[in-house]
$ cat data.cif   # mmCIF, C-alpha atoms
data_entry
loop_
_atom_site.label_atom_id
_atom_site.label_comp_id
_atom_site.auth_asym_id
_atom_site.auth_seq_id
_atom_site.Cartn_x
_atom_site.Cartn_y
_atom_site.Cartn_z
CA MET A 1 -51.14 -57.97 -24.62
CA GLU A 2 -50.34 -57.20 -20.97
CA HIS A 3 -54.03 -56.45 -20.45
CA LEU A 4 -54.85 -60.00 -21.45
CA PHE A 5 -52.61 -61.34 -18.68
CA TRP A 6 -54.22 -59.20 -15.97
CA VAL A 7 -57.77 -59.81 -17.16
CA LEU A 8 -57.13 -63.58 -17.19
CA LEU A 9 -55.46 -63.51 -13.78
CA ILE A 10 -58.12 -61.40 -12.07
CA GLY A 11 -60.95 -63.19 -13.88
CA ALA A 12 -59.59 -66.57 -12.81
CA ALA A 13 -59.26 -65.38 -9.20
CA VAL A 14 -62.84 -64.08 -9.15
CA ILE A 15 -64.24 -67.30 -10.66
CA TRP A 16 -62.18 -69.39 -8.24
CA CYS A 17 -63.61 -67.42 -5.30
CA ILE A 18 -67.17 -67.89 -6.59
CA VAL A 19 -66.69 -71.66 -7.04
CA ILE A 20 -65.08 -72.14 -3.63
CA GLY A 21 -67.69 -69.85 -2.05
CA ALA A 22 -70.49 -71.91 -3.62
CA ALA A 23 -68.87 -75.14 -2.39
CA VAL A 24 -68.59 -73.78 1.17
CA TYR A 25 -72.20 -72.52 1.02
CA ALA A 26 -73.39 -75.92 -0.20
CA GLN A 27 -71.73 -77.62 2.77
CA LYS A 28 -73.87 -75.66 5.19
CA ALA A 29 -76.65 -77.77 6.64
CA SER A 30 -79.03 -74.84 6.68
CA VAL A 31 -79.10 -74.48 2.91
CA PRO A 32 -82.67 -75.18 1.79
CA ASP A 33 -83.24 -77.97 -0.69
CA ARG A 34 -84.18 -76.16 -3.90
CA GLU A 35 -83.40 -78.54 -6.70
CA GLN A 36 -84.92 -76.50 -9.50
CA GLN A 37 -82.83 -73.47 -8.65
CA ALA A 38 -79.77 -75.68 -8.35
CA ARG A 39 -80.30 -77.10 -11.83
CA HIS A 40 -80.71 -73.65 -13.31
CA PHE A 41 -77.55 -72.59 -11.49
CA ILE A 42 -75.65 -75.55 -12.95
CA VAL A 43 -76.83 -74.86 -16.50
CA TRP A 44 -76.16 -71.11 -16.39
CA GLY A 45 -73.04 -71.20 -14.24
CA GLY A 46 -71.59 -74.45 -15.54
CA ALA A 47 -72.43 -74.30 -19.25
CA VAL A 48 -73.65 -70.93 -20.51
CA PHE A 49 -71.27 -68.69 -18.54
CA PRO A 50 -68.07 -70.66 -19.41
CA THR A 51 -69.11 -70.85 -23.08
CA VAL A 52 -69.62 -67.10 -23.29
CA VAL A 53 -66.39 -66.35 -21.39
CA VAL A 54 -64.29 -68.75 -23.44
CA GLY A 55 -65.87 -67.41 -26.66
CA ALA A 56 -65.07 -63.82 -25.67
CA LEU A 57 -61.48 -64.73 -24.73
CA LEU A 58 -61.09 -66.59 -28.04
CA VAL A 59 -62.17 -63.53 -30.01
CA TRP A 60 -59.94 -61.25 -27.93
CA GLY A 61 -56.95 -63.59 -28.32
CA LEU A 62 -57.50 -63.78 -32.08
CA VAL A 63 -57.67 -59.99 -32.37
CA ILE A 64 -54.32 -59.76 -30.51
CA LEU A 65 -52.92 -62.46 -32.78
CA LYS A 66 -54.03 -60.42 -35.77
CA ASP A 67 -52.30 -57.34 -34.35
CA ILE A 68 -48.98 -59.13 -33.91
CA THR A 69 -49.08 -60.77 -37.34
CA PRO A 70 -49.52 -57.85 -39.73
CA ASN A 71 -48.14 -57.89 -43.24
CA GLU A 72 -46.22 -54.66 -42.93
CA GLY A 73 -43.90 -52.90 -40.55
CA ASP A 74 -41.71 -49.81 -40.50
CA ARG A 75 -38.78 -51.99 -41.57
CA THR A 76 -38.24 -55.57 -42.66
CA ILE A 77 -35.66 -57.86 -41.10
CA ARG A 78 -35.11 -61.31 -42.55
CA VAL A 79 -33.94 -63.93 -40.08
CA ASP A 80 -32.91 -67.40 -41.19
CA GLY A 81 -32.59 -70.10 -38.53
CA GLU A 82 -29.58 -72.36 -39.01
CA ARG A 83 -28.10 -75.08 -36.80
CA TRP A 84 -27.35 -73.34 -34.43
CA TRP A 85 -27.20 -69.63 -35.16
CA TRP A 86 -29.19 -66.83 -36.80
CA ARG A 87 -28.54 -65.29 -40.18
CA VAL A 88 -29.92 -61.74 -40.06
CA VAL A 89 -30.46 -59.49 -43.09
CA TYR A 90 -31.79 -55.94 -42.91
CA ASP A 91 -33.63 -54.88 -46.05
CA THR A 92 -32.77 -51.24 -46.72
CA ASP A 93 -33.31 -48.88 -49.65
CA ASP A 94 -29.63 -49.31 -50.51
CA GLY A 95 -29.83 -53.09 -50.52
CA PRO A 96 -29.56 -55.88 -48.01
CA VAL A 97 -27.32 -55.52 -44.95
CA PRO A 98 -26.26 -58.93 -43.63
CA THR A 99 -25.22 -59.63 -40.05
CA ALA A 100 -25.70 -62.48 -37.59
CA ASN A 101 -26.69 -63.48 -34.09
CA GLU A 102 -27.60 -60.00 -32.95
CA ILE A 103 -30.69 -58.02 -33.83
CA ARG A 104 -30.99 -54.33 -33.24
CA ILE A 105 -34.31 -52.55 -33.59
CA PRO A 106 -35.39 -48.96 -33.00
CA LEU A 107 -37.66 -48.03 -30.13
CA GLY A 108 -41.35 -47.61 -30.92
CA GLU A 109 -41.17 -48.76 -34.54
CA THR A 110 -42.75 -51.94 -35.78
CA ALA A 111 -40.13 -54.37 -37.03
CA LEU A 112 -41.51 -57.00 -39.38
CA PHE A 113 -39.49 -60.20 -39.13
CA LYS A 114 -39.63 -62.51 -42.13
CA LEU A 115 -38.57 -65.88 -40.79
CA THR A 116 -37.18 -68.86 -42.66
CA ALA A 117 -35.22 -71.97 -41.73
CA ASP A 118 -32.25 -73.45 -43.49
CA ASP A 119 -32.33 -77.04 -42.27
CA VAL A 120 -34.82 -78.02 -39.57
CA ILE A 121 -37.68 -76.29 -37.79
CA HIS A 122 -36.58 -73.54 -35.44
CA SER A 123 -38.65 -71.03 -33.51
CA PHE A 124 -37.89 -67.33 -33.11
CA TRP A 125 -38.66 -65.98 -29.66
CA VAL A 126 -37.85 -62.80 -27.76
CA PRO A 127 -39.98 -63.41 -24.66
CA SER A 128 -39.82 -59.81 -23.42
CA LEU A 129 -41.03 -58.39 -26.74
CA GLY A 130 -43.77 -60.75 -27.84
CA GLY A 131 -44.87 -64.19 -28.89
CA LYS A 132 -42.83 -66.84 -30.65
CA MET A 133 -43.03 -67.86 -34.28
CA ASP A 134 -41.94 -71.09 -35.94
CA MET A 135 -39.30 -70.98 -38.68
CA ILE A 136 -40.12 -73.71 -41.17
CA PRO A 137 -37.91 -74.94 -44.02
CA GLY A 138 -39.45 -74.06 -47.37
CA ARG A 139 -41.86 -71.51 -45.92
CA GLU A 140 -41.73 -67.92 -44.78
CA THR A 141 -43.47 -66.94 -41.59
CA GLN A 142 -43.87 -63.44 -40.22
CA LEU A 143 -43.76 -61.81 -36.83
CA ALA A 144 -44.09 -58.12 -36.02
CA LEU A 145 -42.56 -56.71 -32.85
CA THR A 146 -42.94 -53.15 -31.58
CA PRO A 147 -40.52 -52.60 -28.68
CA GLN A 148 -41.64 -50.15 -25.99
CA LYS A 149 -38.52 -50.07 -23.81
CA LEU A 150 -34.83 -49.56 -24.44
CA GLY A 151 -32.57 -52.42 -23.45
CA ASN A 152 -31.05 -55.70 -24.40
CA TRP A 153 -33.64 -58.44 -24.50
CA GLY A 154 -32.52 -62.03 -24.82
CA GLY A 155 -33.85 -64.14 -27.65
CA LEU A 156 -33.66 -67.86 -28.22
CA CYS A 157 -34.71 -70.78 -30.36
CA ALA A 158 -37.92 -72.16 -28.87
CA GLU A 159 -38.22 -75.34 -30.94
CA TYR A 160 -35.82 -78.19 -30.24
CA CYS A 161 -33.54 -78.36 -33.27
CA GLY A 162 -30.73 -80.73 -32.30
CA GLY A 163 -27.53 -80.88 -30.26
CA ALA A 164 -26.71 -77.23 -29.59
CA HIS A 165 -30.34 -76.06 -29.52
CA ALA A 166 -29.96 -74.70 -25.98
CA LEU A 167 -26.94 -72.66 -27.14
CA MET A 168 -28.84 -71.04 -30.02
CA ARG A 169 -29.49 -67.60 -28.60
CA PHE A 170 -29.28 -63.99 -29.73
CA ASP A 171 -29.35 -60.49 -28.32
CA THR A 172 -32.14 -58.13 -29.25
CA VAL A 173 -30.96 -54.59 -28.63
CA VAL A 174 -33.64 -51.90 -28.62
CA MET A 175 -32.06 -48.52 -29.47
CA GLU A 176 -33.10 -44.91 -29.89
CA PRO A 177 -34.06 -44.47 -33.58
CA ASP A 178 -31.13 -42.06 -34.23
CA GLU A 179 -28.59 -44.43 -32.74
CA PHE A 180 -30.14 -47.27 -34.67
CA ASP A 181 -29.85 -45.44 -37.99
CA ALA A 182 -26.19 -44.73 -37.28
CA TRP A 183 -25.59 -48.36 -36.30
CA LEU A 184 -27.30 -49.68 -39.45
CA ALA A 185 -25.33 -47.27 -41.66
CA ALA A 186 -22.12 -48.53 -40.04
CA GLN A 187 -23.16 -52.16 -40.54
CA ALA A 188 -23.82 -51.47 -44.22
CA GLN A 189 -20.21 -50.38 -44.74
CA PRO A 190 -17.63 -52.96 -45.79
CA ALA A 191 -14.86 -53.78 -43.37
CA THR A 192 -11.61 -51.81 -43.58
CA VAL A 193 -9.02 -54.53 -43.84
CA ASP A 194 -5.39 -54.17 -44.76
CA PRO A 195 -4.64 -57.21 -46.99
CA GLU A 196 -1.13 -57.30 -45.52
CA ASP A 197 -2.51 -57.52 -41.98
CA GLU A 198 -0.86 -60.42 -40.18
CA GLY A 199 -4.13 -61.60 -38.66
CA TYR A 200 -5.93 -61.44 -42.00
CA GLN A 201 -3.13 -63.53 -43.50
CA VAL A 202 -3.81 -66.23 -40.90
CA PHE A 203 -7.54 -65.90 -41.62
CA THR A 204 -7.00 -66.64 -45.32
CA GLU A 205 -4.27 -69.28 -44.81
CA GLU A 206 -6.54 -71.30 -42.55
CA GLY A 207 -9.37 -71.11 -45.09
CA CYS A 208 -11.75 -69.19 -42.78
CA GLY A 209 -12.93 -67.21 -45.80
CA SER A 210 -14.44 -70.24 -47.49
CA CYS A 211 -17.18 -70.28 -44.85
CA HIS A 212 -17.21 -66.70 -43.54
CA THR A 213 -17.73 -63.45 -45.37
CA ILE A 214 -15.88 -60.25 -44.57
CA ARG A 215 -17.35 -57.71 -46.94
CA GLY A 216 -14.67 -55.64 -48.65
CA THR A 217 -12.22 -58.55 -48.84
CA ASP A 218 -11.80 -61.71 -50.90
CA SER A 219 -13.47 -63.74 -48.13
CA ILE A 220 -16.97 -64.38 -49.36
CA GLY A 221 -17.88 -67.76 -47.83
CA PRO A 222 -21.65 -68.04 -47.45
CA VAL A 223 -21.80 -70.93 -44.95
CA GLY A 224 -21.19 -69.37 -41.55
CA PRO A 225 -22.03 -66.04 -39.92
CA ASP A 226 -21.00 -62.81 -41.66
CA LEU A 227 -17.95 -61.44 -39.81
CA THR A 228 -17.75 -57.99 -41.44
CA HIS A 229 -18.55 -56.23 -38.15
CA PHE A 230 -17.89 -59.20 -35.89
CA ALA A 231 -16.50 -57.26 -32.92
CA SER A 232 -19.41 -54.81 -32.89
CA ARG A 233 -21.61 -57.58 -31.50
CA GLU A 234 -22.02 -57.89 -27.79
CA ARG A 235 -21.72 -61.65 -27.78
CA LEU A 236 -19.95 -64.54 -29.46
CA GLY A 237 -21.19 -67.90 -30.65
CA ALA A 238 -24.89 -67.02 -31.14
CA GLY A 239 -25.43 -65.03 -27.97
CA ILE A 240 -23.66 -67.32 -25.51
CA TYR A 241 -20.22 -65.81 -24.68
CA LYS A 242 -19.07 -62.25 -24.04
CA MET A 243 -17.13 -60.80 -26.96
CA THR A 244 -13.67 -60.75 -25.38
CA PRO A 245 -10.28 -61.62 -26.93
CA ASP A 246 -9.93 -64.58 -24.54
CA ASN A 247 -13.28 -66.03 -25.56
CA VAL A 248 -12.55 -65.52 -29.26
CA SER A 249 -9.22 -67.26 -28.76
CA ASP A 250 -10.89 -70.22 -27.01
CA TRP A 251 -13.56 -70.28 -29.70
CA ILE A 252 -10.96 -70.83 -32.41
CA THR A 253 -8.86 -73.42 -30.60
CA ASP A 254 -11.31 -75.25 -28.33
CA LEU A 255 -14.65 -75.09 -30.08
CA ASP A 256 -15.69 -78.63 -29.13
CA ASN A 257 -15.97 -77.45 -25.54
CA MET A 258 -17.29 -73.98 -26.27
CA LYS A 259 -20.21 -75.17 -28.40
CA PRO A 260 -20.34 -78.92 -29.10
CA ASP A 261 -21.84 -80.40 -32.28
CA ILE A 262 -21.55 -77.35 -34.53
CA ASP A 263 -20.24 -77.52 -38.08
CA MET A 264 -17.23 -75.25 -37.52
CA PRO A 265 -14.14 -77.29 -36.60
CA SER A 266 -11.64 -76.44 -33.86
CA TYR A 267 -8.24 -75.12 -34.92
CA PRO A 268 -6.01 -76.24 -32.03
CA HIS A 269 -2.90 -75.95 -34.20
CA ILE A 270 -3.28 -72.16 -34.41
CA ASN A 271 -1.30 -70.90 -31.44
CA GLY A 272 1.22 -68.37 -30.22
CA ALA A 273 1.76 -65.29 -32.32
CA ARG A 274 -0.50 -66.52 -35.13
CA LEU A 275 -3.43 -66.94 -32.74
CA GLU A 276 -2.82 -63.54 -31.19
CA ALA A 277 -2.69 -61.91 -34.60
CA LEU A 278 -5.89 -63.64 -35.73
CA VAL A 279 -7.76 -62.69 -32.54
CA SER A 280 -6.65 -59.07 -32.66
CA PHE A 281 -7.64 -58.95 -36.34
CA LEU A 282 -11.10 -60.31 -35.57
CA MET A 283 -11.51 -57.92 -32.62
CA SER A 284 -10.68 -55.05 -34.97
CA LEU A 285 -13.72 -55.80 -37.14
CA GLU A 286 -16.00 -53.25 -35.53
CA MET B 287 -92.72 -118.06 -21.86
CA PRO B 288 -90.32 -115.16 -22.55
CA GLU B 289 -91.70 -111.66 -22.11
CA LEU B 290 -92.52 -109.95 -25.39
CA PRO B 291 -90.76 -106.65 -26.07
CA GLU B 292 -92.86 -103.56 -25.51
CA PRO B 293 -94.22 -101.88 -28.61
CA PRO B 294 -91.95 -99.11 -29.89
CA GLY B 295 -92.52 -95.50 -28.87
CA ASP B 296 -93.28 -92.65 -31.22
CA ALA B 297 -89.66 -92.01 -32.11
CA PRO B 298 -88.44 -93.01 -35.59
CA ARG B 299 -86.48 -96.21 -35.97
CA VAL B 300 -84.04 -95.64 -38.76
CA ILE B 301 -81.56 -98.47 -38.40
CA ASP B 302 -83.27 -100.91 -36.09
CA GLN B 303 -85.31 -100.94 -32.98
CA GLY B 304 -83.69 -98.92 -30.22
CA SER B 305 -81.56 -96.96 -32.68
CA ILE B 306 -79.68 -94.06 -31.22
CA TRP B 307 -78.73 -92.45 -34.55
CA ILE B 308 -79.83 -89.04 -33.38
CA LEU B 309 -77.26 -89.15 -30.57
CA VAL B 310 -74.38 -89.62 -32.99
CA ALA B 311 -75.64 -87.29 -35.70
CA SER B 312 -74.78 -83.86 -34.32
CA PRO B 313 -71.23 -84.69 -33.06
CA SER B 314 -70.61 -86.32 -36.45
CA ILE B 315 -71.66 -83.13 -38.21
CA TRP B 316 -69.28 -81.20 -35.94
CA ALA B 317 -66.44 -83.62 -36.77
CA ALA B 318 -67.18 -83.40 -40.50
CA HIS B 319 -67.22 -79.59 -40.41
CA PHE B 320 -63.94 -79.53 -38.49
CA LEU B 321 -62.22 -81.90 -40.92
CA ILE B 322 -63.54 -80.27 -44.08
CA SER B 323 -62.55 -76.81 -42.81
CA TYR B 324 -59.04 -78.07 -42.17
CA TRP B 325 -58.76 -79.76 -45.55
CA VAL B 326 -60.09 -76.77 -47.46
CA ALA B 327 -57.79 -74.35 -45.62
CA ALA B 328 -54.75 -76.61 -46.02
CA VAL B 329 -55.27 -77.13 -49.74
CA TYR B 330 -56.02 -73.42 -50.25
CA CYS B 331 -52.92 -72.29 -48.37
CA ALA B 332 -50.72 -74.76 -50.25
CA LYS B 333 -52.11 -73.94 -53.70
CA ALA B 334 -53.35 -70.36 -53.44
CA PRO B 335 -50.24 -68.64 -54.86
CA ASN B 336 -50.54 -70.65 -58.08
CA ALA B 337 -54.28 -70.75 -58.54
CA ALA B 338 -57.15 -68.34 -58.74
CA PRO B 339 -59.60 -69.80 -56.25
CA LEU B 340 -63.29 -68.98 -56.47
CA MET B 341 -63.48 -67.87 -52.88
CA GLU B 342 -61.42 -67.69 -49.73
CA PRO B 343 -61.54 -70.84 -47.60
CA ARG B 344 -62.94 -68.97 -44.65
CA TRP B 345 -66.15 -68.26 -46.52
CA ILE B 346 -66.43 -71.94 -47.35
CA ALA B 347 -65.94 -72.83 -43.68
CA ILE B 348 -68.40 -70.16 -42.57
CA GLY B 349 -71.04 -71.09 -45.14
CA LEU B 350 -70.64 -74.75 -44.33
CA GLY B 351 -70.87 -73.90 -40.62
CA VAL B 352 -74.15 -72.07 -41.10
CA PHE B 353 -75.53 -75.03 -43.06
CA CYS B 354 -74.32 -77.48 -40.37
CA CYS B 355 -75.93 -75.39 -37.64
CA ALA B 356 -79.18 -75.43 -39.59
CA VAL B 357 -79.05 -79.23 -39.83
CA ILE B 358 -78.28 -79.43 -36.11
CA ALA B 359 -81.25 -77.16 -35.39
CA TRP B 360 -83.40 -79.57 -37.40
CA LEU B 361 -82.04 -82.49 -35.36
CA ALA B 362 -82.79 -80.58 -32.15
CA TRP B 363 -86.33 -80.04 -33.40
CA ILE B 364 -86.69 -83.82 -33.96
CA ALA B 365 -85.25 -84.48 -30.50
CA VAL B 366 -87.88 -82.22 -28.98
CA LYS B 367 -90.89 -83.13 -31.10
CA ARG B 368 -90.50 -86.85 -31.71
CA TYR B 369 -88.37 -87.98 -28.79
CA GLY B 370 -89.95 -85.60 -26.29
CA GLY B 371 -86.54 -84.26 -25.25
CA VAL B 372 -86.30 -81.30 -22.93
CA PHE B 373 -83.29 -79.15 -22.20
CA LEU B 374 -83.60 -79.30 -18.41
CA ILE B 375 -84.77 -82.42 -16.61
CA PHE B 376 -86.31 -81.75 -13.25
CA GLU B 377 -87.51 -85.26 -12.53
CA GLU B 378 -85.34 -88.28 -12.99
CA ILE B 379 -86.30 -90.54 -15.86
CA THR B 380 -86.71 -93.85 -14.10
CA GLU B 381 -89.49 -95.33 -16.17
CA SER B 382 -88.25 -98.48 -17.90
CA SER B 383 -90.25 -98.07 -21.06
CA GLU B 384 -89.83 -97.08 -24.67
CA ARG B 385 -91.31 -93.70 -23.82
CA GLY B 386 -88.82 -93.20 -20.98
CA ARG B 387 -85.87 -94.22 -23.16
CA ASP B 388 -87.01 -91.89 -25.95
CA LYS B 389 -87.21 -89.01 -23.49
CA PHE B 390 -83.71 -89.75 -22.25
CA ILE B 391 -82.29 -90.00 -25.79
CA GLY B 392 -84.09 -86.79 -26.73
CA HIS B 393 -82.60 -85.00 -23.72
CA VAL B 394 -79.04 -86.18 -24.43
CA SER B 395 -79.40 -85.42 -28.16
CA LEU B 396 -80.56 -81.91 -27.39
CA LEU B 397 -77.52 -81.29 -25.18
CA LEU B 398 -75.20 -82.72 -27.86
CA CYS B 399 -76.85 -80.49 -30.47
CA VAL B 400 -76.07 -77.43 -28.36
CA LEU B 401 -72.49 -78.59 -27.76
CA SER B 402 -71.91 -79.30 -31.46
CA ALA B 403 -73.40 -75.98 -32.56
CA VAL B 404 -71.20 -74.08 -30.08
CA ALA B 405 -68.15 -76.03 -31.25
CA ILE B 406 -68.88 -75.21 -34.90
CA VAL B 407 -69.28 -71.52 -34.03
CA PHE B 408 -65.90 -71.65 -32.23
CA ASN B 409 -64.46 -73.23 -35.38
CA ILE B 410 -65.77 -70.39 -37.51
CA ILE B 411 -64.60 -67.49 -35.30
CA PRO B 412 -60.89 -67.64 -36.30
CA GLY B 413 -61.96 -67.41 -39.94
CA LEU B 414 -64.06 -64.34 -39.20
CA VAL B 415 -61.23 -62.58 -37.35
CA LEU B 416 -58.12 -63.66 -39.25
CA GLY B 417 -58.85 -65.03 -42.70
CA GLU B 418 -55.22 -65.57 -43.75
CA CYS B 419 -53.03 -68.58 -44.20
#
$ encode --input "data.cif" --output "C-alpha cells"
Amino acid sequence: MEHLFWVLLIGAAVIWCIVIGAAVYAQKASVPDREQQARHFIVWGGAVFPTVVVGALLVWGLVILKDITPNEGDRTIRVDGERWWWRVVYDTDDGPVPTANEIRIPLGETALFKLTADDVIHSFWVPSLGGKMDMIPGRETQLALTPQKLGNWGGLCAEYCGGAHALMRFDTVVMEPDEFDAWLAAQAQPATVDPEDEGYQVFTEEGCGSCHTIRGTDSIGPVGPDLTHFASRERLGAGIYKMTPDNVSDWITDLDNMKPDIDMPSYPHINGARLEALVSFLMSLE
Amino acid sequence: MPELPEPPGDAPRVIDQGSIWILVASPSIWAAHFLISYWVAAVYCAKAPNAAPLMEPRWIAIGLGVFCCAVIAWLAWIAVKRYGGVFLIFEEITESSERGRDKFIGHVSLLLCVLSAVAIVFNIIPGLVLGEC
C-alpha cells in the first residue's frame, strides 16, 4: 500500500510539472500557431491520458482493497463497537477469550477482524496498520491487518458515534509471536480472586459485578468491559488514561469529568479505605 | 411576411423538429446501468444468504454493461452517419443551418457516447476485481 502513496505522489508531481511547463510554453510569443496539433494535444493529453491513468489507478486500488479484505487470516478477532469502548474477543481452539479496549496481535501474521456494532455505526481504524472499516449494527464487516513492525499503534473510532466519540480509542500492541502466545494464554485464564478480599467485597457490595465480568468469580455482568485481566492493559477508559492507581481511583469517583456521557455512573461515595481497597484489588487483576 | 423555417436536414426527427434525443440517450443509458447495477447488487447482498440466486450480481452488471456499450456504439454510429458528427472538429461550426446544427449535435453526441461508455466500463471494473458483497 505504501507503493500506492509514492506512485501517486511522484505521478502527481510529474503531471503538475508537465501542465505548468505547457502553460509557460504557451505563453511564449514565439510559439507557432498550430491549431490542429493543439487539438490533438488536448484530446490525448486532456481526455485519453487521464482516462487511462484513472482507470489503471482504479484497478490497482481495487486489487489492494481485495488484498486487505480477505475472508481468512491466521487468527480471528471479533471486535464489537459500543458507546464508547471496544469489546474484543479472540477466537481460539479452546474457546473465546474476551477482553476489551486493547488489541494485541503477533508480528507478521494476518489478523482477521470481524467487526460488529452494538448500538450505532462505529468505524474501526488503526491508521498505522491499514485502512478503516465501518462497524454496522446488524451486520458483520471484515478487515485483515498484517503488522510489519513491533510497537504500540493507536487505534480509534473513525465514525462519529455520539458524545464521547473522541474518547473512544484503543491500543494495538504488535508483539513477537512467542510473547503473543504467552499473553493470550494468560488472558484465557480466569482471574485469581480471594472471595474474602476486601477490595472484592467492595466490588460486589457496590454492584460492579452486574455490569462487569471477572471470570472465575460470581461477577458475570455482560454490559461493560471484561475486567478479568484489567490491570494487564496499558490504558484505562478505552485507551485514554494511563493505567495507574490514581487514574483508576479518579475513574471510580469522578467519572463525569474523566469521560462524560458514558453509561457507567460515578461512585463519589466510595472513599477512604474502601476506595483504596477497591483500587488495589482492580490493580491486582493482571 | 415571416421567414419560413428551413427544411429539415437528413437527421431523424423522433420527437419533433429539432429534437436532440440522441444527446440525452447515451448519458441516460449510463444512468440506467448505474442504477440497475446498484439495485441488483443491493438486493443480492441483502437476500443472498437465504436464496439460491441464478447468478452473481457482478455478471448481471457486466453483461448489462456490454449490452449498454453495444447500444451506445449504435448511437455513435447514428451520430456519425446521420448527423455527420466527427470526433475532432478542426473548423468552427458557424453555419446557421439545419446541416450545421446536425453536425454540432452529432459531434456532442459522439463525445457523450465515449464518456458514457468509459463510465460504464469504470462501473464494471469493481465487479471484475472484487465480486463480493
$ resolve_selection --input "data.cif" --expression "the PyMOL selection byres ((chain A) within 9 of (chain B))" --output "PyMOL selection string"
chain A and resi 35-36+39-40+43+51+55+58-59+62-63+65-66
$ resolve_selection --input "data.cif" --expression "the PyMOL selection byres ((chain A and resi 254-271) around 8)" --output "mmCIF file with C-alpha atoms, in the coordinates of the input"
data_model
loop_
_atom_site.group_PDB
_atom_site.id
_atom_site.type_symbol
_atom_site.label_atom_id
_atom_site.label_comp_id
_atom_site.auth_asym_id
_atom_site.auth_seq_id
_atom_site.Cartn_x
_atom_site.Cartn_y
_atom_site.Cartn_z
ATOM 1 C CA ARG A 83 -28.100 -75.080 -36.800
ATOM 2 C CA TRP A 84 -27.350 -73.340 -34.430
ATOM 3 C CA GLY A 163 -27.530 -80.880 -30.260
ATOM 4 C CA ALA A 164 -26.710 -77.230 -29.590
ATOM 5 C CA LEU A 167 -26.940 -72.660 -27.140
ATOM 6 C CA GLY A 237 -21.190 -67.900 -30.650
ATOM 7 C CA ASP A 250 -10.890 -70.220 -27.010
ATOM 8 C CA TRP A 251 -13.560 -70.280 -29.700
ATOM 9 C CA ILE A 252 -10.960 -70.830 -32.410
ATOM 10 C CA THR A 253 -8.860 -73.420 -30.600
ATOM 11 C CA GLY A 272 1.220 -68.370 -30.220
ATOM 12 C CA ALA A 273 1.760 -65.290 -32.320
ATOM 13 C CA ARG A 274 -0.500 -66.520 -35.130
ATOM 14 C CA LEU A 275 -3.430 -66.940 -32.740
ATOM 15 C CA GLU A 276 -2.820 -63.540 -31.190
#
$ atom_distance --input "data.cif" --atom1 "atom CA of B:Pro313" --atom2 "atom CA of B:Arg385"
23.9 Å
$ residues_around --input "data.cif" --residues "B:Ile364" --least-positions-apart "2" --cutoff "10 Å" --atoms "only C-alpha atoms" --output "list in words"
Ala297, Pro298, Ile308, Ile358, Ala359, Trp360, Leu361, Ala362, Val366, Lys367, Arg368, Tyr369, Gly370, Gly371, Gly392, Ser395 and Leu396 of chain B
$ atom_distance --input "data.cif" --atom1 "atom CA of B:Ser323" --atom2 "atom CA of B:Ala347"
5.3 Å
$ residues_around --input "data.cif" --residues "A:Phe203" --least-positions-apart "6" --cutoff "12 Å" --atoms "all atoms listed in the file" --output "PyMOL selection string"
chain A and resi 193+195-197+209-214+217-219+227+252+267+270+274-282
$ atom_distance --input "data.cif" --atom1 "atom CA of A:Pro137" --atom2 "atom CA of A:Phe113"
15.6 Å
$ residues_around --input "data.cif" --residues "A:Ala238" --least-positions-apart "4" --cutoff "8 Å" --atoms "all atoms listed in the file" --output "PyMOL selection string"
chain A and resi 84-86+100-102+167-170
$ residues_around --input "data.cif" --residues "B:Phe390" --least-positions-apart "4" --cutoff "8 Å" --atoms "all atoms listed in the file" --output "PDB file with C-alpha atoms, in the frame of the given file"
ATOM      1  CA  GLY B 371     -86.540 -84.260 -25.250  1.00  0.00           C
ATOM      2  CA  ILE B 379     -86.300 -90.540 -15.860  1.00  0.00           C
ATOM      3  CA  GLY B 386     -88.820 -93.200 -20.980  1.00  0.00           C
ATOM      4  CA  VAL B 394     -79.040 -86.180 -24.430  1.00  0.00           C
TER       5      VAL B 394
END
$ resolve_selection --input "data.cif" --expression "the PyMOL selection byres ((chain B and resi 312) around 7)" --output "ChimeraX atom specification"
/B:309-311,313-316,358,398-399,402
$ closest_residue --input "data.cif" --among "B:Val400, B:Val372, B:Val329, B:Ile322" --to "B:Ile346" --atoms "only C-alpha atoms"
B:Ile322
$ residues_around --input "data.cif" --residues "A:Ala231" --least-positions-apart "4" --cutoff "8 Å" --atoms "only C-alpha atoms" --output "PDB file with C-alpha atoms, keeping the file's coordinate frame"
ATOM      1  CA  MET A 243     -17.130 -60.800 -26.960  1.00  0.00           C
ATOM      2  CA  LEU A 282     -11.100 -60.310 -35.570  1.00  0.00           C
ATOM      3  CA  MET A 283     -11.510 -57.920 -32.620  1.00  0.00           C
ATOM      4  CA  SER A 284     -10.680 -55.050 -34.970  1.00  0.00           C
ATOM      5  CA  LEU A 285     -13.720 -55.800 -37.140  1.00  0.00           C
ATOM      6  CA  GLU A 286     -16.000 -53.250 -35.530  1.00  0.00           C
TER       7      GLU A 286
END
